[in-house]
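So the structure is just underneath, and the comments pick up after that.
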Protein chains: 4
Amino acid sequence: MMIVMKPGATPEEVAAVVGKVERIGAQAHVSRGEELTVIGAIGDREHIARLGLEGTAGVEKVVPILKPYKLASREPAHREDTIVEIDGRRVGGRNFSIIAGPCTVESRDQTIGTAHVVKEAGGSMFRGGAYKPRTSPYAFQGLGQEGLRLLAEAKSETGLPIVTELMDARDLESVLEVADVIQVGARNMQNYPLLAELGRAGRPVLLKRGLSSTLEELVMASEYILKEGNEAVMLCERGIRTFETAYRFTLDLTAVPVLKEMTHLPIVVDPSHAAGRRALVEPLSLAAAAAGADGIIVEIHPDPEEAICDGPQALRTDDFAAYVERLEAVASIAGKELSAV
Amino acid sequence: MMIVMKPGATPEEVAAVVGKVERIGAQAHVSRGEELTVIGAIGDREHIARLGLEGTAGVEKVVPILKPYKLASREPAHREDTIVEIDGRRVGGRNFSIIAGPCTVESRDQTIGTAHVVKEAGGSMFRGGAYKPRTSPYAFQGLGQEGLRLLAEAKSETGLPIVTELMDARDLESVLEVADVIQVGARNMQNYPLLAELGRAGRPVLLKRGLSSTLEELVMASEYILKEGNEAVMLCERGIRTFETAYRFTLDLTAVPVLKEMTHLPIVVDPSHAAGRRALVEPLSLAAAAAGADGIIVEIHPDPEEAICDGPQALRTDDFAAYVERLEAVASIAGKELSAV
Amino acid sequence: MMIVMKPGATPEEVAAVVGKVERIGAQAHVSRGEELTVIGAIGDREHIARLGLEGTAGVEKVVPILKPYKLASREPAHREDTIVEIDGRRVGGRNFSIIAGPCTVESRDQTIGTAHVVKEAGGSMFRGGAYKPRTSPYAFQGLGQEGLRLLAEAKSETGLPIVTELMDARDLESVLEVADVIQVGARNMQNYPLLAELGRAGRPVLLKRGLSSTLEELVMASEYILKEGNEAVMLCERGIRTFETAYRFTLDLTAVPVLKEMTHLPIVVDPSHAAGRRALVEPLSLAAAAAGADGIIVEIHPDPEEAICDGPQALRTDDFAAYVERLEAVASIAGKELSAV
Amino acid sequence: MMIVMKPGATPEEVAAVVGKVERIGAQAHVSRGEELTVIGAIGDREHIARLGLEGTAGVEKVVPILKPYKLASREPAHREDTIVEIDGRRVGGRNFSIIAGPCTVESRDQTIGTAHVVKEAGGSMFRGGAYKPRTSPYAFQGLGQEGLRLLAEAKSETGLPIVTELMDARDLESVLEVADVIQVGARNMQNYPLLAELGRAGRPVLLKRGLSSTLEELVMASEYILKEGNEAVMLCERGIRTFETAYRFTLDLTAVPVLKEMTHLPIVVDPSHAAGRRALVEPLSLAAAAAGADGIIVEIHPDPEEAICDGPQALRTDDFAAYVERLEAVASIAGKELSAV
């Protein structure tokens, strides 16, 4: 922490702050300038923050200077990209992964049919929701156990690893039976008991950014998983909430290169939920690949008009192969290759 | 839903939309103007939304026109204010409630001492955290069971009802043993399994607004609790995330009169977490009372400099009685009286 | 500026930064800790910022530590509240000012009639727009010169000072003939040539916060006026743009006590444009007074249903006296008295 | 406008609204459903809005259904892309334009040298600031007339058209002598007198989005220029203000395909001001091209460490040719070719 004293702070006020810092076992380095005095407090960030120095006489402001996350950080020594390996598919590094599937598992035909399309076009994993977080309690909440069963069938038919969401720690066991990657939705990004549970479960996790979470908070949330010993975490940008109302969420592609600087974890982008409309999905997917994302998680459906949920944002399965081709071309300019088995 | 057709939409396009709406059992009312045609679709909102009409030929946009919440709504017939009664204290209507206590339960002395201050100054309930959601996994996470025990003691000493947070449905039973009001924190506002559990538990709930949740989403989240048969829900505004960095969160006081129009549930304001600094807590508390809030939930501490968490935002217990007095004066201009036993 | 070096920064990298800082005539104070090194750079902020140290090898981040505004600042030595005096009315300090009138000047009757209502209820100034900034070029743009003439008449009839907006520096002379206070709208908060012109004109200025301007930017904008020698500047909070769509703008009342700490200039609140709806104007006005505002600028109209602009947000002139009474009661709890001649 | 009545609205309330709408010469179409009644009001949007129907008895809400802009709109009949031609360079359609140069004109060497780099790498226009809008009045404000003279020299040396900013309508004549494209900065997006002046001047305009302006407001601002008869308007996305603090502004690339649907005007992206740091400029530039932008306006400098303004975000002139090459490759996947003479 850096404690900046007010321009007119007295020597006594400075000494009082130094005393407080030292009393909790931290070091204080005083730097006096003509205009102002700054005290660097080196020690446990949490302890120093707890001192509440902002309110102390003579203190102008307190500035944190060290990053609060450790395991997810690039430091020390420019730690290299983590590559998460899922049943032979590699996410991160020079690999570009396409995860595709329907918003929600609806029926056997829809599920298995879509999984085949994903596989043939070169997708690396299959996504599908069995438990759905819905803003309204009156909305369709997913097929639950029956949905998980259909996902298991899709996997055994196509060999594609399964990505599916967990909302409630009490469903962990049944989800673990099917999921190769467990997705944590944006609304649960700061559900800390759930994150810790996933840390202990050890299965790869796709952690979505909360819709008004800062990048630091996203990385801090991943730290809850890493801290329990699970290093297979992928972060996912899926649009943030802003003042704009012309579309659903603002896809934050600046997050991609900035997260790459902050953390060694892979960064995946979900263009479907941000866009909310099919026509925007491809331009945003290509943009994500151009910005350096490690992959895309996208919704596709054989007949979006009949989809139970989020049909308007689903790409048509018929258009998927051509979409993958263009995505591959852009990813290659950004230095990545389609991840394949 | 209102489906607005594009200026040049053909009669065939209009007929196609009408057909789709009617096929799912909803009614379609076509209104043709010189410049444009509008179709009113009356029926299940969820079903109509699922049609994905936004992508259909000739459709300009789809506008929801009915509120998606029912039990929390003022409609029909201007439903009157709900008054939640907690051990003789009334929240809502013409009552103004002051809920106060430390951010987190730290020790017997701090807890019991503070509870006495709250009681003597005319506070109506005692708040204190035993389970704390923290952005960092390395931060203090609350005393847990031991904290609950201290809260129980504070209650038996002072008679004040206890407000405390639940983060994990698996802790519900032990929290129910102590809490008169169960608080749901901002990060859990859309933790739907937790909300449904609280709906079934039947204990009064204080539901905090997520820091980037719209008012409609807040009311929809309360609907998850109400739907299970628990009508004792209080909503809490605690600051939203905006671009401003000169303080912590932007306390949204417009939310108070607007929520009053949307719902019959009581509206409480938390000035402490929004402000983040003691000097801002009183002006914001008075402003909340002036705006028509049904109460305040505020953090106080006998010695904020030594507090384990959020000391800089805690009012001093020594200043609490004078604070309550001014708050009472403003609440009275807004037409409310301090809630007492 | 504080330059925080990366954990592994080498002594050479530190020396290079120090060299750069010193080469432009600033001082560098190096503070070495076990974990990290921090360099305090004391000198011209602009020059140091221009060094672009963020990109330099070994630099983690650069943190500004001195406020960039000077004349508007409370520093040094806790400068006291500025009181702007306008024709005997005092804005700032322990005074509470009510500025009221129609959004736009429409006719002689509406203008003069409303001015009498303002005067009789105890308002201290009369507001009315002659030049209106409108999002659409097809919307009514104000009566212009004819509007100014009607404002002059209202002043000579009631003795109330006139507050009116200037949008274009080329209209300055004609506006100066009528206005006692020149309003700068939110859209022009960063129209620097206009601000400098008003600095030179010397007439009191009411400067509205841009709808996504930070408080620091607002204070910096006032500095453009103060720098030219005009010290009579009042700042105005009028709502900021956030993600919420349940109402028009989010009135930022935390801004009131925070601006009071940052600057000695008076702070006025405009509840009308934030709310956009009449029913919200009174609760927000009372809240602003409770939060410590120095005054309110509010729109009123004898017949809002017939108003040319912003009728839905105008209070009815018939309700104005009772509104002023309640406002006065809350302002008095916050320590202020209605400003009168 | 669509006027949605409350569920329990009486026939008298409906009739009253219809009466109001018809009294101003608009048509009212009533659509009665079992649950609710909707009135479509077809007529002048401004007049109908002025009725302030939101406050009327029985009215739930008023929803605008027609776009408020006309000349900039794709409607009617899917108007084709406007192509702005500047001295042989084409912006819009299948052309991709690279506009590059320093933030501010500093010296003859820097200016002419950089212009040659732009030309050789295949850039289509040269940008450089002579008048600079700066948040602080103490910051460097540009070389003014001397800067314009250097831009003129750069043009005569390289033949590149010049893009430069106008802040004050009173400088229009001298800027017109040099500029082939006049840039309107984000802070002036709603400076309506300036926009109207540029509409009359007839020179191509590059209009930057205000940092918290909606896309509709941006298109409406362009309407101020188009309305005066100047059809050569290019819109520019340059980052919006959000809650995120890990970088400067959030570049809104969803704006690109959405603006393409709303308007026929070309869309250019400025990655430099959004990013604020060199390392982010290339990923964001490639992403913009992938999203379908018609061009990029980017800052480059021969020696960013010595730049007077915004050095940290300037690409190095040495890296520019390779950057253009990668940009060209991505633009080509998005269906565009580098615009050349």
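Every chain in the structure tokens has a letter given in the order shown (A, B, ...), and although residue numbers restart at 1 in each chain, ligands are simply numbered from 1 in the order shown.
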
Give one line per residue of chain C that approaches chain D to at most 8 Å, naming the two atoms of the closest pair and their distance in Å to one decimal, counting only C-alpha atoms; sort by chain then ascending residue number and deliver it as CSV.
residue,atom,partner,partner_atom,distance
C:Glu46,CA,D:Ala139,CA,6.3
C:Arg50,CA,D:Cys309,CA,6.0
C:Leu51,CA,D:Glu305,CA,5.9
C:Gly52,CA,D:Pro312,CA,4.9
C:Leu53,CA,D:Pro312,CA,7.7
C:Glu54,CA,D:Pro312,CA,7.0
C:Gly55,CA,D:Pro312,CA,6.2
C:Pro68,CA,D:Ser136,CA,7.5
C:Tyr69,CA,D:Ser136,CA,7.8
C:Pro133,CA,D:Tyr192,CA,7.0
C:Thr135,CA,D:Met220,CA,6.6
C:Ser136,CA,D:Met220,CA,6.0
C:Pro137,CA,D:Tyr224,CA,5.5
C:Ala139,CA,D:Glu46,CA,6.4
C:Met167,CA,D:Pro193,CA,7.6
C:Asp168,CA,D:Pro193,CA,6.5
C:Arg187,CA,D:Gln190,CA,6.0
C:Asn188,CA,D:Asn191,CA,6.7
C:Gln190,CA,D:Arg187,CA,6.0
C:Asn191,CA,D:Asn188,CA,6.7
C:Tyr192,CA,D:Pro133,CA,7.0
C:Pro193,CA,D:Asp168,CA,6.5
C:Leu211,CA,D:Ser212,CA,7.5
C:Ser212,CA,D:Ser212,CA,5.8
C:Glu217,CA,D:Thr135,CA,6.8
C:Met220,CA,D:Ser136,CA,6.0
C:Ala221,CA,D:Thr135,CA,7.1
C:Glu223,CA,D:Pro137,CA,7.0
C:Tyr224,CA,D:Pro137,CA,5.5
C:Lys227,CA,D:Pro137,CA,7.9
C:Arg241,CA,D:Ser212,CA,7.4
C:Arg277,CA,D:Gly55,CA,7.6
C:Arg278,CA,D:Gly55,CA,7.8
C:Pro304,CA,D:Gly52,CA,7.8
C:Glu305,CA,D:Leu51,CA,5.7
C:Glu306,CA,D:Leu51,CA,6.7
C:Ala307,CA,D:Arg50,CA,6.8
C:Ile308,CA,D:Arg50,CA,6.0
C:Cys309,CA,D:Arg50,CA,6.1
C:Asp310,CA,D:Arg50,CA,6.9
C:Gly311,CA,D:Gly52,CA,5.9
C:Pro312,CA,D:Gly52,CA,4.8

Neighbour list for stretch 147-154 of chain A as a ChimeraX atom specification, cut-off 12 Å, only C-alpha atoms, skip fewer than 4 positions in-chain: /A:101-119,125-132,141-143,158-166,171-180

With N, CA and C atoms retained, could you export that selection as a tab-separated table (two decimals), in the first residue's frame?
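Output contents, as saved in result02.tsv:
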chain	number	residue	atom	x	y	z
A	101	GLY	N	-22.74	-25.73	-29.14
A	101	GLY	CA	-23.88	-26.57	-28.78
A	101	GLY	C	-25.08	-25.69	-28.47
A	102	PRO	N	-26.19	-26.31	-28.11
A	102	PRO	CA	-27.40	-25.53	-27.86
A	102	PRO	C	-27.34	-24.86	-26.49
A	103	CYS	N	-28.11	-23.79	-26.34
A	103	CYS	CA	-28.26	-23.14	-25.04
A	103	CYS	C	-28.68	-24.18	-24.02
A	104	THR	N	-29.76	-24.88	-24.35
A	104	THR	CA	-30.26	-25.88	-23.41
A	104	THR	C	-30.53	-27.19	-24.13
A	105	VAL	N	-30.34	-28.27	-23.42
A	105	VAL	CA	-30.65	-29.60	-23.95
A	105	VAL	C	-32.16	-29.74	-23.96
A	106	GLU	N	-32.73	-30.03	-25.14
A	106	GLU	CA	-34.19	-30.09	-25.25
A	106	GLU	C	-34.70	-31.51	-25.49
A	107	SER	N	-34.00	-32.21	-26.41
A	107	SER	CA	-34.47	-33.55	-26.80
A	107	SER	C	-33.29	-34.35	-27.29
A	108	ARG	N	-33.51	-35.64	-27.45
A	108	ARG	CA	-32.44	-36.51	-27.92
A	108	ARG	C	-31.98	-36.11	-29.32
A	109	ASP	N	-32.94	-35.89	-30.23
A	109	ASP	CA	-32.59	-35.56	-31.62
A	109	ASP	C	-31.79	-34.26	-31.69
A	110	GLN	N	-32.33	-33.24	-31.03
A	110	GLN	CA	-31.66	-31.94	-31.06
A	110	GLN	C	-30.24	-32.06	-30.51
A	111	THR	N	-30.08	-32.82	-29.44
A	111	THR	CA	-28.78	-32.90	-28.77
A	111	THR	C	-27.77	-33.69	-29.58
A	112	ILE	N	-28.15	-34.90	-29.95
A	112	ILE	CA	-27.20	-35.74	-30.68
A	112	ILE	C	-26.91	-35.16	-32.06
A	113	GLY	N	-27.97	-34.66	-32.71
A	113	GLY	CA	-27.79	-34.08	-34.05
A	113	GLY	C	-26.82	-32.90	-34.01
A	114	THR	N	-27.01	-32.04	-33.04
A	114	THR	CA	-26.13	-30.87	-32.96
A	114	THR	C	-24.69	-31.28	-32.64
A	115	ALA	N	-24.55	-32.28	-31.77
A	115	ALA	CA	-23.19	-32.72	-31.40
A	115	ALA	C	-22.45	-33.23	-32.63
A	116	HIS	N	-23.16	-33.94	-33.52
A	116	HIS	CA	-22.50	-34.41	-34.74
A	116	HIS	C	-22.04	-33.24	-35.60
A	117	VAL	N	-22.88	-32.21	-35.70
A	117	VAL	CA	-22.49	-31.03	-36.49
A	117	VAL	C	-21.23	-30.39	-35.91
A	118	VAL	N	-21.18	-30.29	-34.59
A	118	VAL	CA	-20.01	-29.69	-33.94
A	118	VAL	C	-18.76	-30.49	-34.27
A	119	LYS	N	-18.90	-31.80	-34.14
A	119	LYS	CA	-17.73	-32.64	-34.38
A	119	LYS	C	-17.24	-32.53	-35.82
A	125	MET	N	-15.27	-29.09	-28.39
A	125	MET	CA	-16.08	-29.59	-27.28
A	125	MET	C	-17.56	-29.28	-27.55
A	126	PHE	N	-18.41	-29.97	-26.79
A	126	PHE	CA	-19.86	-29.80	-26.95
A	126	PHE	C	-20.42	-29.16	-25.69
A	127	ARG	N	-21.19	-28.09	-25.86
A	127	ARG	CA	-21.79	-27.44	-24.71
A	127	ARG	C	-23.31	-27.65	-24.73
A	128	GLY	N	-23.93	-27.62	-23.56
A	128	GLY	CA	-25.38	-27.76	-23.48
A	128	GLY	C	-25.78	-27.61	-22.03
A	129	GLY	N	-26.90	-26.93	-21.79
A	129	GLY	CA	-27.32	-26.66	-20.42
A	129	GLY	C	-28.36	-27.66	-19.94
A	130	ALA	N	-28.16	-28.20	-18.75
A	130	ALA	CA	-29.17	-29.06	-18.12
A	130	ALA	C	-29.82	-28.31	-16.96
A	131	TYR	N	-29.01	-27.50	-16.29
A	131	TYR	CA	-29.54	-26.60	-15.25
A	131	TYR	C	-29.36	-25.18	-15.75
A	132	LYS	N	-30.45	-24.41	-15.84
A	132	LYS	CA	-30.39	-23.06	-16.43
A	132	LYS	C	-30.73	-22.00	-15.40
A	141	GLN	N	-36.51	-24.03	-16.58
A	141	GLN	CA	-35.30	-24.08	-15.75
A	141	GLN	C	-34.33	-25.21	-16.16
A	142	GLY	N	-34.56	-25.81	-17.29
A	142	GLY	CA	-33.66	-26.87	-17.75
A	142	GLY	C	-34.23	-28.25	-17.44
A	143	LEU	N	-33.70	-29.26	-18.17
A	143	LEU	CA	-34.21	-30.62	-17.99
A	143	LEU	C	-33.60	-31.34	-16.79
A	158	THR	N	-20.21	-39.13	-30.01
A	158	THR	CA	-19.28	-38.31	-30.81
A	158	THR	C	-17.87	-38.26	-30.23
A	159	GLY	N	-17.72	-38.63	-28.99
A	159	GLY	CA	-16.40	-38.51	-28.37
A	159	GLY	C	-16.06	-37.09	-27.92
A	160	LEU	N	-16.97	-36.16	-28.15
A	160	LEU	CA	-16.67	-34.77	-27.76
A	160	LEU	C	-16.77	-34.60	-26.24
A	161	PRO	N	-15.80	-33.95	-25.63
A	161	PRO	CA	-15.94	-33.62	-24.21
A	161	PRO	C	-17.14	-32.70	-24.00
A	162	ILE	N	-17.73	-32.77	-22.80
A	162	ILE	CA	-18.96	-32.03	-22.50
A	162	ILE	C	-18.67	-30.85	-21.56
A	163	VAL	N	-19.22	-29.69	-21.91
A	163	VAL	CA	-19.16	-28.50	-21.07
A	163	VAL	C	-20.58	-28.19	-20.61
A	164	THR	N	-20.82	-28.20	-19.30
A	164	THR	CA	-22.17	-27.89	-18.84
A	164	THR	C	-22.11	-27.15	-17.51
A	165	GLU	N	-23.18	-26.42	-17.21
A	165	GLU	CA	-23.17	-25.52	-16.06
A	165	GLU	C	-23.63	-26.19	-14.77
A	166	LEU	N	-22.98	-25.77	-13.69
A	166	LEU	CA	-23.39	-26.18	-12.35
A	166	LEU	C	-23.84	-24.93	-11.61
A	171	ASP	N	-25.73	-30.29	-6.57
A	171	ASP	CA	-25.83	-31.10	-7.79
A	171	ASP	C	-24.46	-31.54	-8.28
A	172	LEU	N	-23.41	-31.24	-7.52
A	172	LEU	CA	-22.06	-31.47	-8.03
A	172	LEU	C	-21.83	-32.91	-8.47
A	173	GLU	N	-22.23	-33.85	-7.62
A	173	GLU	CA	-21.91	-35.25	-7.96
A	173	GLU	C	-22.51	-35.69	-9.29
A	174	SER	N	-23.77	-35.37	-9.51
A	174	SER	CA	-24.37	-35.84	-10.76
A	174	SER	C	-23.77	-35.11	-11.96
A	175	VAL	N	-23.40	-33.84	-11.79
A	175	VAL	CA	-22.76	-33.12	-12.90
A	175	VAL	C	-21.37	-33.71	-13.19
A	176	LEU	N	-20.67	-34.06	-12.13
A	176	LEU	CA	-19.32	-34.64	-12.33
A	176	LEU	C	-19.37	-35.94	-13.12
A	177	GLU	N	-20.48	-36.64	-13.07
A	177	GLU	CA	-20.58	-37.90	-13.83
A	177	GLU	C	-20.56	-37.68	-15.33
A	178	VAL	N	-20.94	-36.48	-15.76
A	178	VAL	CA	-21.06	-36.21	-17.20
A	178	VAL	C	-20.07	-35.16	-17.70
A	179	ALA	N	-19.86	-34.12	-16.91
A	179	ALA	CA	-19.12	-32.96	-17.42
A	179	ALA	C	-17.62	-33.19	-17.46
A	180	ASP	N	-17.02	-32.79	-18.60
A	180	ASP	CA	-15.56	-32.76	-18.69
A	180	ASP	C	-15.06	-31.39	-18.27

Secondary structure check, helix (DSSP H, G or I) residues of stretch 198-307 of chain C, as a PyMOL selection string: chain C and resi 198-201+215-226+255-262+271-275+278-290+304-306

Atomic distance atom CA of C:Asp319 - atom CA of C:Ser97, expressed in Å with one decimal: 18.0 Å

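DSSP secondary structure from the backbone places Asn95, Phe96, Ser97, Ile98, Ile99, Ala100, Gly101, Met125, Phe126, Arg127, Ile162, Val163, Thr164 and Glu165 of chain B of stretch 93-174 of chain B in strand (DSSP E).
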
Using all heavy atoms, can you write the selected residues to a file as a compact mmCIF listing (two decimals), in the first residue's frame?
# COMPACT_ATOMS: atom_id res chain seq x y z
N ASN B 95 -43.69 3.00 8.96
CA ASN B 95 -42.64 2.72 9.94
C ASN B 95 -41.27 2.95 9.35
O ASN B 95 -41.04 2.64 8.18
CB ASN B 95 -42.72 1.25 10.39
CG ASN B 95 -44.12 0.92 10.90
OD1 ASN B 95 -44.50 1.31 11.99
ND2 ASN B 95 -44.92 0.24 10.06
N PHE B 96 -40.37 3.47 10.18
CA PHE B 96 -38.98 3.62 9.75
C PHE B 96 -38.10 2.79 10.67
O PHE B 96 -38.11 2.99 11.88
CB PHE B 96 -38.55 5.10 9.79
CG PHE B 96 -37.23 5.33 9.13
CD1 PHE B 96 -37.16 5.49 7.75
CD2 PHE B 96 -36.05 5.36 9.85
CE1 PHE B 96 -35.93 5.69 7.11
CE2 PHE B 96 -34.82 5.55 9.22
CZ PHE B 96 -34.77 5.72 7.85
N SER B 97 -37.36 1.85 10.09
CA SER B 97 -36.60 0.89 10.89
C SER B 97 -35.11 1.14 10.78
O SER B 97 -34.59 1.33 9.67
CB SER B 97 -36.86 -0.53 10.39
OG SER B 97 -38.24 -0.79 10.39
N ILE B 98 -34.43 1.10 11.92
CA ILE B 98 -32.97 1.24 11.89
C ILE B 98 -32.35 -0.08 12.34
O ILE B 98 -32.57 -0.53 13.46
CB ILE B 98 -32.52 2.41 12.78
CG1 ILE B 98 -33.13 3.72 12.24
CG2 ILE B 98 -31.00 2.50 12.82
CD1 ILE B 98 -32.82 4.94 13.08
N ILE B 99 -31.64 -0.68 11.42
CA ILE B 99 -30.96 -1.95 11.69
C ILE B 99 -29.48 -1.60 11.76
O ILE B 99 -28.93 -1.03 10.81
CB ILE B 99 -31.20 -2.95 10.54
CG1 ILE B 99 -32.71 -3.12 10.28
CG2 ILE B 99 -30.53 -4.29 10.84
CD1 ILE B 99 -33.04 -3.88 9.00
N ALA B 100 -28.83 -1.91 12.87
CA ALA B 100 -27.43 -1.50 13.02
C ALA B 100 -26.63 -2.59 13.70
O ALA B 100 -27.17 -3.47 14.37
CB ALA B 100 -27.35 -0.20 13.81
N GLY B 101 -25.32 -2.50 13.52
CA GLY B 101 -24.41 -3.46 14.13
C GLY B 101 -23.11 -3.49 13.36
O GLY B 101 -22.94 -2.75 12.39
N MET B 125 -33.35 -3.42 15.05
CA MET B 125 -32.78 -4.76 14.93
C MET B 125 -31.25 -4.67 14.97
O MET B 125 -30.68 -3.60 14.78
CB MET B 125 -33.23 -5.44 13.63
CG MET B 125 -34.72 -5.79 13.65
SD MET B 125 -35.22 -6.73 12.19
CE MET B 125 -36.08 -5.43 11.27
N PHE B 126 -30.61 -5.82 15.21
CA PHE B 126 -29.16 -5.90 15.31
C PHE B 126 -28.62 -6.71 14.14
O PHE B 126 -29.11 -7.80 13.86
CB PHE B 126 -28.78 -6.56 16.64
CG PHE B 126 -27.30 -6.59 16.90
CD1 PHE B 126 -26.58 -5.40 17.07
CD2 PHE B 126 -26.60 -7.79 16.99
CE1 PHE B 126 -25.21 -5.41 17.32
CE2 PHE B 126 -25.23 -7.81 17.24
CZ PHE B 126 -24.53 -6.61 17.40
N ARG B 127 -27.64 -6.15 13.46
CA ARG B 127 -27.05 -6.88 12.34
C ARG B 127 -25.61 -7.28 12.69
O ARG B 127 -24.93 -6.58 13.46
CB ARG B 127 -27.04 -6.03 11.08
CG ARG B 127 -26.23 -4.73 11.19
CD ARG B 127 -25.59 -4.37 9.87
NE ARG B 127 -24.54 -5.34 9.61
CZ ARG B 127 -24.10 -5.65 8.40
NH1 ARG B 127 -24.62 -5.09 7.35
NH2 ARG B 127 -23.12 -6.53 8.24
N ILE B 162 -32.27 -10.47 15.24
CA ILE B 162 -30.96 -10.58 14.58
C ILE B 162 -31.10 -10.67 13.07
O ILE B 162 -31.91 -11.46 12.56
CB ILE B 162 -30.24 -11.86 15.08
CG1 ILE B 162 -30.01 -11.80 16.60
CG2 ILE B 162 -28.91 -12.08 14.34
CD1 ILE B 162 -29.13 -10.67 17.08
N VAL B 163 -30.30 -9.86 12.37
CA VAL B 163 -30.21 -9.92 10.90
C VAL B 163 -28.81 -10.42 10.55
O VAL B 163 -27.83 -9.78 10.93
CB VAL B 163 -30.40 -8.51 10.29
CG1 VAL B 163 -30.35 -8.59 8.77
CG2 VAL B 163 -31.70 -7.87 10.76
N THR B 164 -28.73 -11.53 9.85
CA THR B 164 -27.40 -12.02 9.48
C THR B 164 -27.46 -12.72 8.13
O THR B 164 -28.52 -13.16 7.69
CB THR B 164 -26.80 -12.93 10.59
OG1 THR B 164 -25.38 -13.03 10.39
CG2 THR B 164 -27.39 -14.34 10.59
N GLU B 165 -26.30 -12.78 7.48
CA GLU B 165 -26.24 -13.24 6.09
C GLU B 165 -26.06 -14.76 5.97
O GLU B 165 -25.32 -15.37 6.73
CB GLU B 165 -25.08 -12.53 5.37
CG GLU B 165 -24.91 -12.98 3.93
CD GLU B 165 -24.11 -12.00 3.08
OE1 GLU B 165 -23.77 -10.90 3.55
OE2 GLU B 165 -23.84 -12.35 1.92

Test item: residues at most 12 Å from A:Val281, only C-alpha atoms, excluding those fewer than 5 positions along its chain, as JSON, numbers by chain: {"A": [238, 247, 251, 269, 270, 271, 272, 273, 274, 275, 276, 286, 287, 288, 296, 297, 298, 299, 300, 312, 313, 314, 315, 316, 319, 320, 323, 327], "D": [253, 254, 257, 258, 290, 291]}

Who sits within 12 Å of A:Arg94, only C-alpha atoms, same chain under 3 positions skipped, as a ChimeraX atom specification: /A:80-84,90-91,97,266-267,289,292-295,331-340

Distance query A:Ala28 at most 12 Å, only C-alpha atoms, self and fewer than 5 positions along chain excluded, as a list in words: Met1, Met2, Ile3, Val14, Ala15, Ala16, Val17, Val18, Gly19, Lys20, Val21, Glu22, Arg23, Val38, Ile39, Gly40, Ala41, Ile42, Gly43 and Ile48 of chain A; Ser31, Arg32, Gly33 and Glu34 of chain C

Just C-alpha atoms for this one: save the residues we selected as a PDB file, in the first residue's frame.
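Just written: result37.pdb:
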ATOM      1  CA  MET A   1       0.000   0.000   0.000  1.00  0.00           C
ATOM      2  CA  MET A   2       1.033   3.549  -0.637  1.00  0.00           C
ATOM      3  CA  ILE A   3      -0.238   6.097   1.841  1.00  0.00           C
ATOM      4  CA  VAL A  14       3.179  11.209   9.459  1.00  0.00           C
ATOM      5  CA  ALA A  15       4.673   9.603  12.560  1.00  0.00           C
ATOM      6  CA  ALA A  16       1.254   8.424  13.679  1.00  0.00           C
ATOM      7  CA  VAL A  17       0.656   6.647  10.395  1.00  0.00           C
ATOM      8  CA  VAL A  18       4.107   5.068  10.461  1.00  0.00           C
ATOM      9  CA  GLY A  19       3.396   3.882  14.001  1.00  0.00           C
ATOM     10  CA  LYS A  20       0.148   2.243  12.988  1.00  0.00           C
ATOM     11  CA  VAL A  21       1.730   0.482  10.047  1.00  0.00           C
ATOM     12  CA  GLU A  22       4.633  -0.822  12.105  1.00  0.00           C
ATOM     13  CA  ARG A  23       2.427  -1.956  14.958  1.00  0.00           C
ATOM     14  CA  VAL A  38       4.256   9.386   0.727  1.00  0.00           C
ATOM     15  CA  ILE A  39       4.523   6.341   2.947  1.00  0.00           C
ATOM     16  CA  GLY A  40       5.024   2.941   1.385  1.00  0.00           C
ATOM     17  CA  ALA A  41       3.593   0.230   3.620  1.00  0.00           C
ATOM     18  CA  ILE A  42       4.965  -3.200   2.805  1.00  0.00           C
ATOM     19  CA  GLY A  43       3.274  -6.157   4.483  1.00  0.00           C
ATOM     20  CA  ILE A  48      -2.921  -2.873   6.220  1.00  0.00           C
TER      21      ILE A  48
ATOM     22  CA  SER C  31      11.553   3.762  -1.786  1.00  0.00           C
ATOM     23  CA  ARG C  32      12.801   0.164  -1.813  1.00  0.00           C
ATOM     24  CA  GLY C  33      10.900  -2.551  -0.002  1.00  0.00           C
ATOM     25  CA  GLU C  34      11.532  -6.246   0.158  1.00  0.00           C
TER      26      GLU C  34
END
